[in-house]
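K.L.:
First the structure, which I've put down as structure tokens, then a few questions once you've had a look.
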Amino acid sequence: MVITIDGPAGAGKSSVARGLAKRLGFRFLDTGAMYRTVAYAAMKRGIRWDDDAALAELARSIDIDVSEEQVLMDGEDVSSAIRTMEVTSVIHYVADHPGIRELLVELQRRCASGGDFVTEGRDQGTVAFPDAACKIFLTASPAERARRRQKDLEARGEEMAFEEVLKRQEERDERDRNRPVGSLVAAKDASLVSTDHHSMEQVIDELESLVKKQLASKS
Ligand code: DC
């Protein structure tokens with residue numbers, strides 16, 4: 001069974017998806033890590049961002065293994081390397097690439113097949129798992145999201161002024177919303193949940209009861 005959590009950067013998806021999976025005894029799949037790994041690989045190998053064919057070939061050739069504990073690229077632990085600002089700033093070249101999206105959606109379906117998963121991303125309820133048992137779209141105000149992002153960066157030793165975090169977030173939102181495939185949009189049958197003024201634990205509580213209610217009404 002698959003439960004999808006989509007939403008913009010900084011809405012708290014990762015922590016919430018991880019926490020919800022733990023409560024339900026499900027596994028957790030971070031699909032953003034897959035896009036990050038391809039962007040990191042392209043950066044490392046010096047592939048030109050306008051070379052669509054080379055990017056697609058690269059995505060096909062590397063082995064991406066995303067588990068709850070770590071992210072492996074051809075066996076190398078890239079869990080931290082894929083989360084730098086440098087990678088974040090180029091990720092749209094990969095996320096906007098229809099061929100790479102198709103490949104990664106296939107990988108996501110293979111990863112989740114036959115298991116119980118909470119998957120997290122932008123297009124999980126709309127493209128990757130349109131028949132998911134339960135779909136959630138997490139939101140939060142731009143200011144709240146930027147505050148969280150700034151804290152995350154700080155925790156990794158990367159300082160950035162709040163206004164700059166907010167500006168970059170707006171640019172990323174714009175791109176996420178407007179990409180021709182896999183754009184950030186709530187599935188029609190998704191439950192919209194705001195994380196503003198709520199602790200992660202409160203949001204996980206809310207989602208746990210929402211999911212249990214929805215699953216009970218379907219059975
Ligand atoms: O969730 P994240 O910040 O780690 O995601 C990194 C980028 O990958 C983000 O800018 C959007 C993209 N992404 C996507 O296009 N589709 C997904 N399912 C997950 C992430």
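To be explicit about the labels: the chains of the structure tokens are called A, B, and onward in the order shown, and within each one the residues are counted from 1, while ligands get numbers from 1 in the order they are shown.
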Please report, as CSV, each residue of chain A lying at most 10 Å from ligand 1, together with the nearest pair of atoms and the separation in Å rounded to one decimal; use only C-alpha atoms and all ligand atoms, and order rows by chain and ascending residue number.
P.N.:
residue,atom,partner,partner_atom_place_in_ligand_line,distance
A:Ile5,CA,ligand 1,18 (N),9.6
A:Asp6,CA,ligand 1,18 (N),7.8
A:Gly7,CA,ligand 1,1 (O),8.6
A:Pro8,CA,ligand 1,1 (O),7.7
A:Ala9,CA,ligand 1,3 (O),5.3
A:Gly10,CA,ligand 1,3 (O),7.7
A:Ala11,CA,ligand 1,1 (O),9.6
A:Gly12,CA,ligand 1,1 (O),9.5
A:Lys13,CA,ligand 1,1 (O),7.7
A:Ser14,CA,ligand 1,1 (O),7.4
A:Asp30,CA,ligand 1,1 (O),7.4
A:Thr31,CA,ligand 1,19 (C),4.8
A:Gly32,CA,ligand 1,20 (C),3.5
A:Ala33,CA,ligand 1,4 (O),5.4
A:Met34,CA,ligand 1,19 (C),7.5
A:Tyr35,CA,ligand 1,8 (O),5.1
A:Arg36,CA,ligand 1,6 (C),5.8
A:Thr37,CA,ligand 1,6 (C),9.5
A:Val38,CA,ligand 1,8 (O),9.9
A:Ala39,CA,ligand 1,8 (O),9.2
A:Ile82,CA,ligand 1,4 (O),8.7
A:Arg83,CA,ligand 1,4 (O),7.4
A:Val87,CA,ligand 1,6 (C),9.0
A:Thr88,CA,ligand 1,10 (O),6.6
A:Ser89,CA,ligand 1,10 (O),8.4
A:Val90,CA,ligand 1,10 (O),8.8
A:Ile91,CA,ligand 1,10 (O),5.9
A:His92,CA,ligand 1,10 (O),6.1
A:Tyr93,CA,ligand 1,10 (O),9.6
A:Val94,CA,ligand 1,8 (O),8.0
A:Ala95,CA,ligand 1,15 (O),4.5
A:Asp96,CA,ligand 1,15 (O),7.2
A:His97,CA,ligand 1,15 (O),9.3
A:Arg101,CA,ligand 1,15 (O),7.6
A:Leu104,CA,ligand 1,18 (N),8.5
A:Val105,CA,ligand 1,18 (N),7.9
A:Gln108,CA,ligand 1,18 (N),9.0
A:Thr119,CA,ligand 1,18 (N),8.8
A:Glu120,CA,ligand 1,18 (N),6.8
A:Gly121,CA,ligand 1,18 (N),3.7
A:Arg122,CA,ligand 1,18 (N),4.3
A:Asp123,CA,ligand 1,18 (N),5.0
A:Gln124,CA,ligand 1,18 (N),5.9
A:Gly125,CA,ligand 1,18 (N),9.5
A:Thr126,CA,ligand 1,18 (N),9.9
A:Val127,CA,ligand 1,18 (N),8.9
A:Ala128,CA,ligand 1,18 (N),8.0
A:Arg149,CA,ligand 1,3 (O),9.8
A:Gln169,CA,ligand 1,10 (O),9.4
A:Arg172,CA,ligand 1,10 (O),6.4
A:Asp173,CA,ligand 1,10 (O),8.2
A:Arg175,CA,ligand 1,10 (O),8.3
A:Asp176,CA,ligand 1,11 (C),6.3
A:Arg177,CA,ligand 1,15 (O),9.6
A:Arg179,CA,ligand 1,15 (O),8.6
A:Val181,CA,ligand 1,15 (O),8.9
A:Gly182,CA,ligand 1,15 (O),6.5
A:Ser183,CA,ligand 1,15 (O),7.1
A:Leu184,CA,ligand 1,15 (O),7.7
K.L.:
Show me, as a PyMOL selection string, the residues that have an atom within 12 Å of Arg23 in chain A when counting only C-alpha atoms, minus same-chain residues fewer than 5 positions from it.
P.N.:
chain A and resi 16-18+28+117-118+201+204-209+211-212
K.L.:
Using CA of Ala41 in chain A and CA of Arg148 in chain A as the two end points, give the distance in Å to one decimal.
P.N.:
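Answer for the CA of Ala41 in chain A to CA of Arg148 in chain A separation: 26.8 Å.
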K.L.:
Residues near Lys167 in chain A, anyone? I mean within 12 Å using only C-alpha atoms, not counting same-chain ones fewer than 5 positions away, as number ranges by chain.
P.N.:
A: 142-143, 145-146, 149-150, 160-162, 172-174
K.L.:
Output C-alpha atoms for every residue in the selection just made, as a compact mmCIF listing (two decimals), in the first residue's frame.
P.N.:
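File again12.txt, as written:
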# COMPACT_ATOMS: atom_id res chain seq x y z
CA PRO A 142 6.19 31.03 2.52
CA ALA A 143 7.68 32.76 5.58
CA ARG A 145 8.87 27.48 5.07
CA ALA A 146 11.80 29.85 4.56
CA ARG A 149 14.86 26.09 5.36
CA GLN A 150 17.19 28.63 6.95
CA MET A 160 22.10 32.52 4.39
CA ALA A 161 20.11 35.70 5.03
CA PHE A 162 16.37 35.15 5.48
CA ARG A 172 11.99 27.26 -6.83
CA ASP A 173 8.22 27.34 -6.19
CA GLU A 174 7.69 29.06 -9.51
K.L.:
From range 55-190 of chain A, collect each residue whose DSSP state is strand (DSSP E or B) and return the set as a list in words.
P.N.:
Ile64, Asp65, Val66, Val71, Leu72, Met73, Glu76, Asp77, Phe117, Val118, Thr119, Glu120, Gly121, Cys134, Lys135, Ile136, Phe137, Leu138 and Thr139 of chain A
K.L.:
When you count only C-alpha atoms, which of these residues is closest to His198 in chain A: A:Ile64, A:Ala140, A:Arg45, A:Glu76?
P.N.:
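Of A:Ile64, A:Ala140, A:Arg45, A:Glu76, the one nearest His198 in chain A, counting only C-alpha atoms, is A:Ala140.
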K.L.:
Among range 23-189 of chain A, which residues carry a DSSP assignment of alpha helix (DSSP H), reported as a ChimeraX atom specification?
P.N.:
/A:23-24,32-44,52-61,85-95,98-112,142-155,162-178
K.L.:
Nearest to Arg156 in chain A: which of A:Ala190, A:Ala81, A:Ala59, A:Lys22 is it, counting only C-alpha atoms?
P.N.:
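Smallest distance to Arg156 in chain A is found for A:Ala81.
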